[in-house]
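Below is one structure, written out as structure tokens; the observations come after it.
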Amino acid sequence: MAGPGGGSSDVQWCFSQVKGAMDDDVAEADIISTVEFNHSGELLATGDKGGRVVIFQQEPESKNQPQCRGEYNVYSTFQSHEPEFDYLKSLEIEEKINKIRWLPQKNAAQFLLSTNDKTIKLWKISERDKRPEGYNLKEEDGRYRDPNTVTTLRVPVFRPMDLMVEASPRRVFANAHTYHINSISVNSDHETYLSADDLRVNLWHLEITDRSFNIVDIKPANMEELTEVITAAEFHPHQCNTFVYSSSKGTIRLCDMRASALCDVHAKLFEEPEDPNNRSFFSEIISSISDVKFSHSGRYMMTRDYLSVKIWDLHMETQPVETYQVHEYLRSKLCSLYENDCIFDKFECCWNGNDSVVMTGSYNNFFRMFDRGYRHDVTFEASRENSKPRSVLKPRKVSTGGKRKKDEISVDSLDFSKKILHTAWHPLDNIIAVATTNNLYIFQDKVN
Amino acid sequence: MLGRGVKRKRSCLEELEVEVLPDGARKPDRKQDGGEDREEEAAASLLQQRQVVLGLCLKKLQDDQAGVELSLRRSVLLANTLRQIQEEMWRDRTRGPDRLDPDSCLVRDGFREDVSVTCPGCAEDGCCDAVSPDAPSQDPNGPSDQQKPPPAPAGSTLSDSATGYLSDLALDDIFEDIDTSMYETSDLPWSCGGGALWPLGVSLWPEENLKPPSLSSGGGLQSCLMDLNDLDYIIEILVKS
């Protein structure tokens with residue numbers, strides 16, 4: 001089945017571009033911490049540990065090669081967040097960008113929300129390609145003219161100039177989160193958005209920065225009794241009253257804001273009973289949900305825990321409708337992964353444009369795609385070796401049994417320092433953005 | 001980090017592997033001995049593994065306390081793991097020293113391949129299944145108990161039961177020659193419940209505590225923390241008696 005966002009069984013993925021320094025020395029500040037396409041897919045934003053946001057813009061399709069999709073080039077770079085210091089707790093607040101979410105475009109300018117652990121900011125990105133010239137009292141270089149030398153009056157006119165992209169902070173939403181913000185989500189009403197930290201979810205109006213409503217609070221009266229935290233939250237794509245939040249215990253709660261002001265009581269609780277055969281000391285840790293994403297249709301939601309991706313039908317709370325194993329071969333390595341802290345890694349997941357394929361990252365710079373229709377899954381690697389322009393990606397395989405086939409890689413050879421935590425899929429096309437530690441890879445399907 | 005082709009440092013997991021594997025050199029013709037010997041050895045190795053996880057858990061919590069404000073999610077997950085281990089150890093104690101909890105998490109495959117510690121002669125899955133297949137029938141309430149651990153705060157109920165747990169051991173003898181020099185630090189804001197020696201009541205949210213941790217009650221940190229070797233000794237007592 002060909003076509004944009006079609007099944008992965010007939011799609012051939014090719015390397016398109018890689019962004020970022022290609023040397024082995026990774027600067028801490030350059031570590032990519034979030035990746036997000038805008039609603040048209042024309043813009044691709046990344047946030048990094050240094051608090052910067054880099055936006056890439058897709059070039060328009062060239063007339064010479066009408067079927068070759070445009071490349072993504074840097075459109076704007078700006079410092080979104082700076083490190084801060086909490087004097088009360090004597091703790092530094094990291095400038096790392098945890099999430100970026102685009103607002104739907106209303107006019108010529110683009111808007112996005114970016115957040116670090118404590119503060120959310122609304123940024124306006126606008127283009128300037130004309131400037132006024134011909135002032136009466138000022139020279140072109142800005143110096144003021146002596147009024148006595150002015151003999152005639154003229155009307156200043158706009159003349160074209162080199163394109164300049166400006167990013168300006170329009171709103172700063174601060175001081176509403178005691179704990180670390182893990183999610184932001186723009187509502188379908190385009191007026192409000194939610195922000196979630198470990199224990200609370202707040203509702204904001206995009207125009208109002210000095211107030212937010214607390215809609216979920218799971219902080220116990222006695223913090224010693226705390227056993228569960230919020231890990232992710234998202235608004236329903238169409239129902240502005242509905243949102244979900246996931247927990248460290250592997251549950252997802254769907255809440256309806258019409259029911260009450262404080263949504264501590266869920267409308268639905270999604271939880272899969274634990275498989276007693278797989279129980280270990282790490283059961284809870286690996287059940288912790290690291291990401292939750294609604295399908296574009298709004299009928300399903302996807303959750304990512306340490307070893308799997310699950311698709312839930314919103315009408316069925318008892319179990320997911322689909323479960324995909326991302327790297328089941330790690331189940332026997334959980335103790336080592338616990339020792340080196342990899343078990344706490346938070347992987348994200350994403351849907352393709354028509355909800356037929358889901359994607360998530362893994363270790364060794366592998367990322368996985370699961371085709372829901374064809375029940376076909378594939379593993380690819382984002383690496384410099386596969387970085388020849390338009391080279392087709394070769395599926396990778398991890399050997400789990402004793403005998404390792406040629407081209408397979410054994411579990412013990414996997415590089416656990418190379419992890420793909422953040423991936424994004426173009427909303428309309430088969431173009432994906434995959435972030436390794438400090439590089440952004442862009443792949444697209446092969447066009448003939 | 002496990003690097004590609006890079007030799008890993010000898011971790012405590014591998015040390016454990018080396019300790020246990022020599023025992024695994026026995027041949028499978030031990031069937032005459034009955035499953036009991038194998039069960040005992042499996043139990044001992046499983047207990048050692050649990051100890052390893054317990055040690056890792058404590059170390060991570062200790063490291064987390066000593067610096068930057070780290071993730072609350074991580075702290076909560078570590079604390080829950082610690083609580084789970086403590087409950088299981090308490091259950092083993094109440095069950096009797098010669099009977100391992102058939103629902104012990106360690107029986108599951110989470111450990112089977114990881115440290116390559118299988119019961120002797122147990123290259124296949126057969127043996128380990130022998131330890132656990134009766135689990136569901138022996139204790140039908142087991143799984144549900146484990147899935148719903150008592151909701152009591154870690155600092156109170158478990159501490160009280162821990163006091164009882166240790167009361168019939170010769171505590172003074174055990175702690176006589178502990179070298180606690182590495183634990184002598186006043187920076188750890190751990191709150192040890194009054195009189196409770198073990199398990200630990202770990203306070204993970206120091207900003208929530210209004211009074212500073214009392215280091216003077218019951219020997220303070222020194223009595224709160226236990227060297228892993230001494231846990232060995234206690235477990236040896238439990239298993240062999």
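Simple scheme: letters A, B, ... for chains in structure tokens order, numbers from 1 for residues in each chain, numbers from 1 for ligands in the order shown.
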Give me the chain A side of the contact with chain B, cut-off 8 Å, one line per residue showing its nearest atom pair and distance in Å at one decimal, counting only C-alpha atoms, sorted by chain and residue number, as CSV.
```
residue,atom,partner,partner_atom,distance
A:Lys89,CA,B:Glu207,CA,7.7
A:Leu91,CA,B:Glu69,CA,6.8
A:Glu92,CA,B:Val68,CA,7.9
A:Tyr179,CA,B:Leu72,CA,7.9
A:His180,CA,B:Ser71,CA,7.7
A:Asp198,CA,B:Leu72,CA,6.9
A:Met223,CA,B:Trp205,CA,7.1
A:Glu224,CA,B:Pro153,CA,6.0
A:Glu225,CA,B:Pro153,CA,5.1
A:Leu226,CA,B:Val76,CA,7.2
A:Thr227,CA,B:Val76,CA,5.9
A:Glu228,CA,B:Val76,CA,6.8
A:Val229,CA,B:Arg73,CA,6.1
A:Thr231,CA,B:Arg73,CA,7.8
A:Ser248,CA,B:Arg73,CA,7.0
A:Pro276,CA,B:Pro143,CA,7.3
A:Asn277,CA,B:Arg108,CA,6.6
A:Asn278,CA,B:Arg108,CA,6.2
A:Arg279,CA,B:Cys105,CA,5.7
A:Ser280,CA,B:Cys105,CA,4.3
A:Phe281,CA,B:Cys105,CA,5.9
A:Phe282,CA,B:Thr81,CA,7.3
A:Glu284,CA,B:Leu77,CA,7.5
A:Ile285,CA,B:Leu77,CA,6.1
A:Arg331,CA,B:Gly110,CA,6.5
A:Ser332,CA,B:Asp114,CA,5.1
A:Lys333,CA,B:Asp114,CA,4.9
A:Leu334,CA,B:Gly110,CA,6.5
A:Cys335,CA,B:Asp114,CA,6.5
A:Ser336,CA,B:Asp114,CA,7.2
A:Glu339,CA,B:Leu56,CA,6.7
A:Asn340,CA,B:Met1,CA,5.9
A:Phe344,CA,B:Arg74,CA,7.0
A:Asp412,CA,B:Arg4,CA,7.6
A:Ser413,CA,B:Arg4,CA,4.8
A:Leu414,CA,B:Arg4,CA,5.5
A:Asp415,CA,B:Gly3,CA,4.7
A:Phe416,CA,B:Leu2,CA,5.6
A:Ser417,CA,B:Met1,CA,6.1
```
>> Show me, as a ChimeraX atom specification, the residues that have an atom within 9 Å of A:Arg170 when counting only C-alpha atoms, minus same-chain residues fewer than 6 positions from it.
In response: /A:121-124
> Neighbours of A:His236 within 8 Å (only C-alpha atoms; same-chain residues fewer than 4 positions away dropped), as a list in words?
Replying inline: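 Final neighbour list, sorted by chain and number: Asn187, Ser188, Cys240, Asn241, Thr242, Phe243, Val244, Phe294 and Gly298 of chain A.
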Just N, CA and C atoms for this one: save the residues we selected as a PDB file, in the first residue's frame.
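Here's the written file out_13.pdb:
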```pdb
ATOM      1  N   ASN A 187      -3.961  22.228  24.035  1.00  0.00           N
ATOM      2  CA  ASN A 187      -5.325  21.729  23.914  1.00  0.00           C
ATOM      3  C   ASN A 187      -5.874  21.971  22.508  1.00  0.00           C
ATOM      4  N   SER A 188      -6.891  21.195  22.152  1.00  0.00           N
ATOM      5  CA  SER A 188      -7.479  21.353  20.818  1.00  0.00           C
ATOM      6  C   SER A 188      -8.275  22.653  20.709  1.00  0.00           C
ATOM      7  N   CYS A 240     -11.580  18.684  23.873  1.00  0.00           N
ATOM      8  CA  CYS A 240     -10.815  19.627  24.686  1.00  0.00           C
ATOM      9  C   CYS A 240     -10.991  19.420  26.181  1.00  0.00           C
ATOM     10  N   ASN A 241     -11.928  18.566  26.579  1.00  0.00           N
ATOM     11  CA  ASN A 241     -12.143  18.320  28.002  1.00  0.00           C
ATOM     12  C   ASN A 241     -11.378  17.099  28.496  1.00  0.00           C
ATOM     13  N   THR A 242     -10.739  16.377  27.617  1.00  0.00           N
ATOM     14  CA  THR A 242     -10.146  15.083  27.964  1.00  0.00           C
ATOM     15  C   THR A 242      -8.632  15.136  27.902  1.00  0.00           C
ATOM     16  N   PHE A 243      -8.017  14.551  28.913  1.00  0.00           N
ATOM     17  CA  PHE A 243      -6.564  14.392  28.868  1.00  0.00           C
ATOM     18  C   PHE A 243      -6.207  13.102  29.585  1.00  0.00           C
ATOM     19  N   VAL A 244      -4.994  12.641  29.369  1.00  0.00           N
ATOM     20  CA  VAL A 244      -4.519  11.440  30.059  1.00  0.00           C
ATOM     21  C   VAL A 244      -3.202  11.761  30.761  1.00  0.00           C
ATOM     22  N   PHE A 294      -1.471  10.191  22.087  1.00  0.00           N
ATOM     23  CA  PHE A 294      -2.722   9.866  21.416  1.00  0.00           C
ATOM     24  C   PHE A 294      -2.460   9.658  19.934  1.00  0.00           C
ATOM     25  N   GLY A 298      -7.464  10.034  17.579  1.00  0.00           N
ATOM     26  CA  GLY A 298      -8.038  10.238  18.902  1.00  0.00           C
ATOM     27  C   GLY A 298      -8.700   9.002  19.460  1.00  0.00           C
TER      28      GLY A 298
END
```
>> My list of candidates is A:His296, A:Phe235, A:Gly50, A:Asp313. Which is closest to A:Asp355 when distances are computed with only C-alpha atoms?
In response: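 That would be A:His296, the residue with the smallest distance to A:Asp355.
Between atom CA of A:Asn438 and atom CA of A:Ile286 the separation is 25.6 Å.
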> So what do you get for atom CA of A:Gln79 versus atom CA of A:Gln110, distance-wise?
Replying inline: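 Computed distance, atom CA of A:Gln79 to atom CA of A:Gln110, equals 16.6 Å.
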> So which residues of stretch 221-426 of chain A fall under alpha helix (DSSP H) by DSSP, listed as a PyMOL selection string?
Replying inline: chain A and resi 283-287+334-339
Env of A:His422: 10 Å cut, atoms = only C-alpha atoms, seq-sep filter 6 positions within chain, self excluded. Answer as a short mmCIF file (atom, residue, chain, number, x, y, z; two decimals) with N, CA, C and O atoms, in the first residue's frame.
```cif
data_model
loop_
_atom_site.label_atom_id
_atom_site.label_comp_id
_atom_site.auth_asym_id
_atom_site.auth_seq_id
_atom_site.Cartn_x
_atom_site.Cartn_y
_atom_site.Cartn_z
N ILE A 32 20.83 16.44 22.44
CA ILE A 32 19.45 16.75 22.04
C ILE A 32 18.49 16.17 23.06
O ILE A 32 18.60 15.00 23.44
N SER A 33 17.55 16.97 23.50
CA SER A 33 16.63 16.51 24.53
C SER A 33 15.18 16.45 24.08
O SER A 33 14.33 15.92 24.79
N THR A 34 14.89 17.01 22.90
CA THR A 34 13.53 16.90 22.39
C THR A 34 13.51 17.22 20.90
O THR A 34 14.35 17.99 20.41
N VAL A 35 12.58 16.59 20.18
CA VAL A 35 12.45 16.78 18.74
C VAL A 35 10.96 16.87 18.42
O VAL A 35 10.18 16.05 18.91
N GLU A 36 10.57 17.84 17.59
CA GLU A 36 9.13 17.98 17.30
C GLU A 36 8.91 18.65 15.95
O GLU A 36 9.43 19.74 15.69
N THR A 46 14.31 21.31 17.51
CA THR A 46 15.01 20.49 18.48
C THR A 46 15.38 21.36 19.67
O THR A 46 15.64 22.56 19.52
N LYS A 346 14.34 7.03 29.61
CA LYS A 346 12.96 7.29 29.21
C LYS A 346 12.88 7.44 27.69
O LYS A 346 13.32 8.45 27.12
N PHE A 347 12.33 6.43 27.07
CA PHE A 347 12.20 6.45 25.62
C PHE A 347 10.86 7.07 25.23
O PHE A 347 9.84 6.83 25.87
N GLU A 348 10.87 7.81 24.14
CA GLU A 348 9.61 8.35 23.62
C GLU A 348 9.15 7.51 22.44
O GLU A 348 9.87 6.62 21.96
N CYS A 349 7.94 7.79 22.01
CA CYS A 349 7.39 7.04 20.88
C CYS A 349 6.55 8.00 20.04
O CYS A 349 6.20 9.08 20.51
N CYS A 350 6.26 7.60 18.80
CA CYS A 350 5.45 8.50 17.97
C CYS A 350 4.66 7.71 16.94
O CYS A 350 5.01 6.58 16.59
N THR A 360 9.76 3.94 17.81
CA THR A 360 10.40 4.25 19.07
C THR A 360 11.87 3.94 18.98
O THR A 360 12.31 3.24 18.07
N GLY A 361 12.65 4.42 19.93
CA GLY A 361 14.09 4.22 19.90
C GLY A 361 14.53 3.09 20.81
O GLY A 361 13.76 2.56 21.61
N SER A 362 15.81 2.75 20.68
CA SER A 362 16.39 1.69 21.50
C SER A 362 17.86 2.03 21.71
O SER A 362 18.26 3.18 21.56
N PHE A 367 16.58 2.18 16.12
CA PHE A 367 15.21 2.59 16.32
C PHE A 367 14.32 1.59 15.60
O PHE A 367 14.73 0.94 14.64
N ALA A 433 12.52 12.11 11.94
CA ALA A 433 13.67 12.73 12.58
C ALA A 433 14.03 11.89 13.79
O ALA A 433 13.18 11.62 14.63
N VAL A 434 15.29 11.47 13.85
CA VAL A 434 15.74 10.57 14.90
C VAL A 434 16.94 11.22 15.58
O VAL A 434 17.90 11.58 14.91
N ALA A 435 16.87 11.38 16.88
CA ALA A 435 17.96 12.05 17.60
C ALA A 435 18.84 11.03 18.30
O ALA A 435 18.37 10.27 19.14
N THR A 436 20.12 11.01 17.94
CA THR A 436 21.09 10.27 18.74
C THR A 436 21.55 11.23 19.81
O THR A 436 20.92 12.26 20.03
N THR A 437 22.66 10.95 20.46
CA THR A 437 23.05 11.81 21.58
C THR A 437 23.15 13.28 21.17
O THR A 437 22.53 14.14 21.78
N LEU A 440 21.11 14.87 14.83
CA LEU A 440 19.75 14.67 14.38
C LEU A 440 19.81 14.05 12.99
O LEU A 440 20.36 14.65 12.06
#
```
>> Using Å and a single decimal, report how far atom CA of A:Gly250 sits from atom CA of A:Thr318.
In response: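 Rounded to one decimal, the two atoms are 12.6 Å apart.
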